[in-house]
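So the structure is just underneath, and the comments pick up after that.
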Amino acid sequence: MPNQTPSPIRIAVVQCTILWNDISGNCQQIERYVQQLQGQADLIIFPETITTGFSAEAAQRADSQKGEVYTFLQKIASEYQVALAGSYLTEWGEGKVYNMFFLFDQEGKAQLQPKRHLFAPGGERAFVSPAMERTIFTFHGWRILPVICYDMRFPVWCRNRQNEYDLMICVANWPRPRRRVFSTLLRARAMENLCYAIGVNRVGEDPQGLVYTGDSAILNARGETLAEAKASQEEILLTSLDYTPLSELRHKFPVWEDADSFTLRLN
């Protein structure tokens with residue numbers, strides 16, 4: 001449990017299209033959304049691979065360690081005094097490319113978590129390296145589990161051991177044929193882990209012929225919908241998360257006390 005009750009945080013979820021392998025154009029789009037939301041949110045969340053879209057070709061354009069994209073996100077967060085989250089492709093140590101979840105706070109300080117589970121049907125294993133550790137982020141007193149797309153299918157990776165996090169954020173490029181899976185898993189992860197859960201998915205069609213319907217949503221720990229985007233269109237969700245109802249539910253219904261103990265071992 002946090003040492004003191006975190007204050008409510010204002011969340012903006014950006015369900016948007018992504019320009020294919022156009023880093024400059026996508027960075028401009030990010031800044032336009034940040035400008036539009038100025039003063040309305042503490043944390044703005046974008047979909048997975050927000051600067052390129054999801055493809056093997058995108059890995060060839062991966063940002064260098066603390067390179068162009070990193071510097072841009074850091075600058076925008078500081079300039080507009082708002083935290084930014086999402087994922088992008090970056091080389092990070094020993095020349096490896098990661099699908100990297102980022103959270104830049106309003107001072108430009110970064111928290112980073114690579115994607116763990118690489119989507120073999122999409123060829124991701126061939127151009128991205130997996131995470132070798134799991135990190136819990138902190139923001140305004142809230143503890144956050146960062147999850148990228150396919151990661152959400154794996155309950156052990158997402159398991160909330162002894163209430164170590166309060167909010168799970170899943171950023172995704174989750175296509176239309178499996179849209180029910182996205183929505184179902186997001187709700188299941190919220191309920192089984194007694195946490196708020198946010199799913200942020202893209203919309204539009206990519207040159208590979210994949211169509212994305214979004215279905216972005218913000219859920220409470222009971223699996224109830226606090227905000228939900230319309231399918232297949234760009235939209236912004238705005239809501240405030242209050243820690244008190246979460247704490248009360250965990251006290252009233254302490255299923256976490258009966259959870260199986262385990263150690264997460266990564267090879």
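To be explicit about the labels: the chains of the structure tokens are called A, B, and onward in the order shown, and within each one the residues are counted from 1, while ligands get numbers from 1 in the order they are shown.
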Sorted by chain and rising residue number, which residues of region 138-238 of chain A lie within 12 Å of region 47-70 of chain A, and what are their closest atom pairs and distances in Å to one decimal, counting only C-alpha atoms, as CSV?
```
residue,atom,partner,partner_atom,distance
A:Pro146,CA,A:Glu48,CA,11.3
A:Val147,CA,A:Glu48,CA,9.8
A:Ile148,CA,A:Glu48,CA,6.8
A:Cys149,CA,A:Glu48,CA,7.3
A:Tyr150,CA,A:Glu48,CA,10.6
A:Asp151,CA,A:Glu48,CA,11.8
A:Ile169,CA,A:Pro47,CA,10.4
A:Cys170,CA,A:Pro47,CA,8.5
A:Val171,CA,A:Pro47,CA,4.8
A:Ala172,CA,A:Glu48,CA,4.5
A:Asn173,CA,A:Glu48,CA,5.8
A:Trp174,CA,A:Glu48,CA,9.1
A:Pro175,CA,A:Phe54,CA,11.0
A:Ile198,CA,A:Pro47,CA,11.1
A:Gly199,CA,A:Pro47,CA,8.7
A:Val200,CA,A:Pro47,CA,5.3
A:Asn201,CA,A:Pro47,CA,5.2
A:Arg202,CA,A:Pro47,CA,5.6
A:Val203,CA,A:Pro47,CA,9.3
A:Gly204,CA,A:Gly53,CA,10.8
A:Glu205,CA,A:Gly53,CA,10.3
A:Asp206,CA,A:Gly53,CA,7.9
A:Pro207,CA,A:Ser55,CA,9.8
A:Gln208,CA,A:Ser55,CA,8.7
A:Gly209,CA,A:Ser55,CA,11.9
A:Leu210,CA,A:Phe54,CA,10.3
A:Tyr212,CA,A:Pro47,CA,11.3
A:Gly214,CA,A:Pro47,CA,9.3
A:Asp215,CA,A:Pro47,CA,11.6
A:Ser216,CA,A:Pro47,CA,9.4
A:Glu234,CA,A:Pro47,CA,11.6
A:Ile236,CA,A:Pro47,CA,11.9
```
Could the residues of region 25-126 of chain A that have an atom at most 12 Å from region 156-160 of chain A be listed as a tab-separated table, each with its closest atom pair and the distance in Å to one decimal, counting only C-alpha atoms and ordered by chain and ascending residue number?
```
residue	atom	partner	partner_atom	distance
A:Lys115	CA	A:Trp157	CA	10.8
A:Arg116	CA	A:Trp157	CA	8.5
A:His117	CA	A:Trp157	CA	9.2
```
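Minimum atom-to-atom distances from A:Ala131, A:Ala221, A:Ala229, A:Met191 to Leu266 (chain A) were compared using only C-alpha atoms, and the lowest value belongs to A:Ala131.
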Counting only C-alpha atoms, the residue among A:Ser240, A:Asn99, A:Gln233, A:Ser129 that lies closest to Ser87 (chain A) is A:Asn99
Problem set entry | Nearest to Arg153 (chain A) by atom-to-atom distance, counting only C-alpha atoms, from A:Met132, A:Leu186, A:Leu37, A:Leu249 |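 Distance minimum relative to Arg153 (chain A) lands on A:Leu186.
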Query raised in the report: If you run DSSP on the backbone, which residues of region 20-249 of chain A are helix (DSSP H, G or I), as JSON, numbers by chain?
Result: {"A": [23, 24, 25, 26, 27, 28, 29, 30, 31, 32, 33, 34, 35, 36, 56, 57, 58, 59, 68, 69, 70, 71, 72, 73, 74, 75, 76, 77, 78, 79, 80, 120, 121, 122, 124, 125, 126, 149, 150, 151, 152, 153, 155, 156, 157, 158, 161, 162, 163, 176, 177, 178, 179, 180, 181, 182, 183, 184, 185, 186, 187, 188, 189, 190, 191, 192, 243, 244, 245, 246, 247, 248, 249]}
Residue subset to file, keeping C-alpha atoms, as a PDB file, in the first residue's frame:
```pdb
ATOM      1  CA  ILE A  23       8.226   9.660 -37.094  1.00  0.00           C
ATOM      2  CA  SER A  24       8.136  13.397 -37.753  1.00  0.00           C
ATOM      3  CA  GLY A  25       4.436  13.376 -38.666  1.00  0.00           C
ATOM      4  CA  ASN A  26       3.486  11.329 -35.631  1.00  0.00           C
ATOM      5  CA  CYS A  27       5.493  13.577 -33.313  1.00  0.00           C
ATOM      6  CA  GLN A  28       3.605  16.549 -34.737  1.00  0.00           C
ATOM      7  CA  GLN A  29       0.336  14.710 -34.100  1.00  0.00           C
ATOM      8  CA  ILE A  30       1.371  14.000 -30.492  1.00  0.00           C
ATOM      9  CA  GLU A  31       2.096  17.681 -29.911  1.00  0.00           C
ATOM     10  CA  ARG A  32      -1.262  18.728 -31.407  1.00  0.00           C
ATOM     11  CA  TYR A  33      -3.083  16.427 -28.989  1.00  0.00           C
ATOM     12  CA  VAL A  34      -1.008  17.708 -26.066  1.00  0.00           C
ATOM     13  CA  GLN A  35      -1.819  21.286 -27.036  1.00  0.00           C
ATOM     14  CA  GLN A  36      -5.521  20.422 -27.301  1.00  0.00           C
ATOM     15  CA  ALA A  56       9.378  -4.843 -39.077  1.00  0.00           C
ATOM     16  CA  GLU A  57      10.250  -1.821 -41.188  1.00  0.00           C
ATOM     17  CA  ALA A  58       9.588   0.404 -38.186  1.00  0.00           C
ATOM     18  CA  ALA A  59      12.374  -1.355 -36.286  1.00  0.00           C
ATOM     19  CA  GLU A  68      15.248  12.071 -31.392  1.00  0.00           C
ATOM     20  CA  VAL A  69      11.972  10.612 -30.093  1.00  0.00           C
ATOM     21  CA  TYR A  70      13.154  10.405 -26.488  1.00  0.00           C
ATOM     22  CA  THR A  71      14.311  14.032 -26.600  1.00  0.00           C
ATOM     23  CA  PHE A  72      11.065  15.170 -28.227  1.00  0.00           C
ATOM     24  CA  LEU A  73       8.836  13.452 -25.652  1.00  0.00           C
ATOM     25  CA  GLN A  74      10.958  14.782 -22.801  1.00  0.00           C
ATOM     26  CA  LYS A  75      10.747  18.324 -24.207  1.00  0.00           C
ATOM     27  CA  ILE A  76       6.970  18.217 -24.800  1.00  0.00           C
ATOM     28  CA  ALA A  77       6.257  16.834 -21.329  1.00  0.00           C
ATOM     29  CA  SER A  78       8.333  19.587 -19.726  1.00  0.00           C
ATOM     30  CA  GLU A  79       7.067  22.369 -21.969  1.00  0.00           C
ATOM     31  CA  TYR A  80       3.384  21.591 -21.468  1.00  0.00           C
ATOM     32  CA  ALA A 120       5.314 -14.147 -33.110  1.00  0.00           C
ATOM     33  CA  PRO A 121       2.450 -14.142 -35.684  1.00  0.00           C
ATOM     34  CA  GLY A 122       3.429 -10.550 -36.513  1.00  0.00           C
ATOM     35  CA  GLU A 124       7.990  -9.237 -33.720  1.00  0.00           C
ATOM     36  CA  ARG A 125      10.516 -11.736 -32.386  1.00  0.00           C
ATOM     37  CA  ALA A 126      12.657 -11.158 -35.480  1.00  0.00           C
ATOM     38  CA  CYS A 149      -0.483  -5.171 -26.278  1.00  0.00           C
ATOM     39  CA  TYR A 150       0.287  -8.943 -26.396  1.00  0.00           C
ATOM     40  CA  ASP A 151       1.576  -8.780 -22.793  1.00  0.00           C
ATOM     41  CA  MET A 152      -2.031  -8.512 -21.634  1.00  0.00           C
ATOM     42  CA  ARG A 153      -2.706 -12.120 -22.698  1.00  0.00           C
ATOM     43  CA  PRO A 155      -1.901 -13.242 -16.466  1.00  0.00           C
ATOM     44  CA  VAL A 156       1.294 -14.172 -14.612  1.00  0.00           C
ATOM     45  CA  TRP A 157       3.109 -11.165 -16.100  1.00  0.00           C
ATOM     46  CA  CYS A 158       0.159  -8.948 -15.155  1.00  0.00           C
ATOM     47  CA  ARG A 161       1.181  -9.555  -6.121  1.00  0.00           C
ATOM     48  CA  GLN A 162       0.175  -8.184  -2.703  1.00  0.00           C
ATOM     49  CA  ASN A 163      -1.387  -5.095  -4.304  1.00  0.00           C
ATOM     50  CA  ARG A 176     -10.240  -5.891 -35.448  1.00  0.00           C
ATOM     51  CA  PRO A 177     -10.441  -9.726 -35.724  1.00  0.00           C
ATOM     52  CA  ARG A 178      -9.442 -10.015 -32.053  1.00  0.00           C
ATOM     53  CA  ARG A 179     -11.210  -6.959 -30.676  1.00  0.00           C
ATOM     54  CA  ARG A 180     -13.374  -9.033 -28.304  1.00  0.00           C
ATOM     55  CA  VAL A 181     -10.206 -10.532 -26.818  1.00  0.00           C
ATOM     56  CA  PHE A 182      -8.829  -7.060 -26.101  1.00  0.00           C
ATOM     57  CA  SER A 183     -11.962  -5.920 -24.295  1.00  0.00           C
ATOM     58  CA  THR A 184     -12.416  -9.198 -22.420  1.00  0.00           C
ATOM     59  CA  LEU A 185      -8.832  -9.405 -21.183  1.00  0.00           C
ATOM     60  CA  LEU A 186      -8.822  -5.768 -20.091  1.00  0.00           C
ATOM     61  CA  ARG A 187     -11.906  -6.366 -17.944  1.00  0.00           C
ATOM     62  CA  ALA A 188     -10.526  -9.633 -16.572  1.00  0.00           C
ATOM     63  CA  ARG A 189      -7.209  -8.038 -15.621  1.00  0.00           C
ATOM     64  CA  ALA A 190      -9.010  -5.261 -13.730  1.00  0.00           C
ATOM     65  CA  MET A 191     -11.171  -7.682 -11.751  1.00  0.00           C
ATOM     66  CA  GLU A 192      -8.601 -10.374 -10.992  1.00  0.00           C
ATOM     67  CA  TYR A 243      -7.769   6.035  -5.060  1.00  0.00           C
ATOM     68  CA  THR A 244     -10.302   5.847  -2.195  1.00  0.00           C
ATOM     69  CA  PRO A 245     -12.871   3.515  -3.864  1.00  0.00           C
ATOM     70  CA  LEU A 246     -10.033   1.175  -4.834  1.00  0.00           C
ATOM     71  CA  SER A 247      -8.693   1.075  -1.289  1.00  0.00           C
ATOM     72  CA  GLU A 248     -12.165   0.476   0.131  1.00  0.00           C
ATOM     73  CA  LEU A 249     -12.820  -2.431  -2.262  1.00  0.00           C
TER      74      LEU A 249
END
```
(Q) Residues of region 7-138 of chain A classed as strand (DSSP E or B) by DSSP on the backbone are to be reported as a PyMOL selection string. (A) chain A and resi 9-15+43-45+63+83-91+97-104+110-114+137-138
Quick one: residues within 6 Å of Asn220 (chain A), only C-alpha atoms, excluding same-chain residues fewer than 3 positions away - as a PDB file with all heavy atoms, in the first residue's frame?
```
ATOM      1  N   TYR A 196      -7.454  -0.436 -11.153  1.00  0.00           N
ATOM      2  CA  TYR A 196      -7.946   0.265 -12.326  1.00  0.00           C
ATOM      3  C   TYR A 196      -7.201  -0.284 -13.544  1.00  0.00           C
ATOM      4  O   TYR A 196      -6.021  -0.660 -13.448  1.00  0.00           O
ATOM      5  CB  TYR A 196      -7.690   1.763 -12.218  1.00  0.00           C
ATOM      6  CG  TYR A 196      -8.601   2.494 -11.258  1.00  0.00           C
ATOM      7  CD1 TYR A 196      -8.149   2.889  -9.999  1.00  0.00           C
ATOM      8  CD2 TYR A 196      -9.908   2.825 -11.617  1.00  0.00           C
ATOM      9  CE1 TYR A 196      -8.970   3.575  -9.126  1.00  0.00           C
ATOM     10  CE2 TYR A 196     -10.744   3.515 -10.750  1.00  0.00           C
ATOM     11  CZ  TYR A 196     -10.268   3.889  -9.505  1.00  0.00           C
ATOM     12  OH  TYR A 196     -11.095   4.571  -8.631  1.00  0.00           O
ATOM     13  N   GLY A 223     -14.376  -4.038 -12.742  1.00  0.00           N
ATOM     14  CA  GLY A 223     -14.568  -4.296 -14.161  1.00  0.00           C
ATOM     15  C   GLY A 223     -15.642  -3.427 -14.782  1.00  0.00           C
ATOM     16  O   GLY A 223     -16.063  -3.675 -15.920  1.00  0.00           O
ATOM     17  N   GLU A 224     -16.067  -2.410 -14.066  1.00  0.00           N
ATOM     18  CA  GLU A 224     -17.096  -1.496 -14.571  1.00  0.00           C
ATOM     19  C   GLU A 224     -16.453  -0.418 -15.430  1.00  0.00           C
ATOM     20  O   GLU A 224     -15.359   0.063 -15.138  1.00  0.00           O
ATOM     21  CB  GLU A 224     -17.859  -0.861 -13.411  1.00  0.00           C
ATOM     22  CG  GLU A 224     -18.601  -1.871 -12.553  1.00  0.00           C
ATOM     23  CD  GLU A 224     -19.066  -1.307 -11.215  1.00  0.00           C
ATOM     24  OE1 GLU A 224     -18.524  -0.274 -10.767  1.00  0.00           O
ATOM     25  OE2 GLU A 224     -19.964  -1.927 -10.607  1.00  0.00           O
TER      26      GLU A 224
END
```
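Nearest to Gln38 (chain A) of all the residues A:Thr5, A:Gln106, A:Gln111, A:Thr225 is A:Gln106, counting only C-alpha atoms.
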Practice item. Provide the CA of Leu241 (chain A) to CA of Ala83 (chain A) distance in Å, to one decimal place. Key: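 Computing it gives 15.1 Å between the two atoms.
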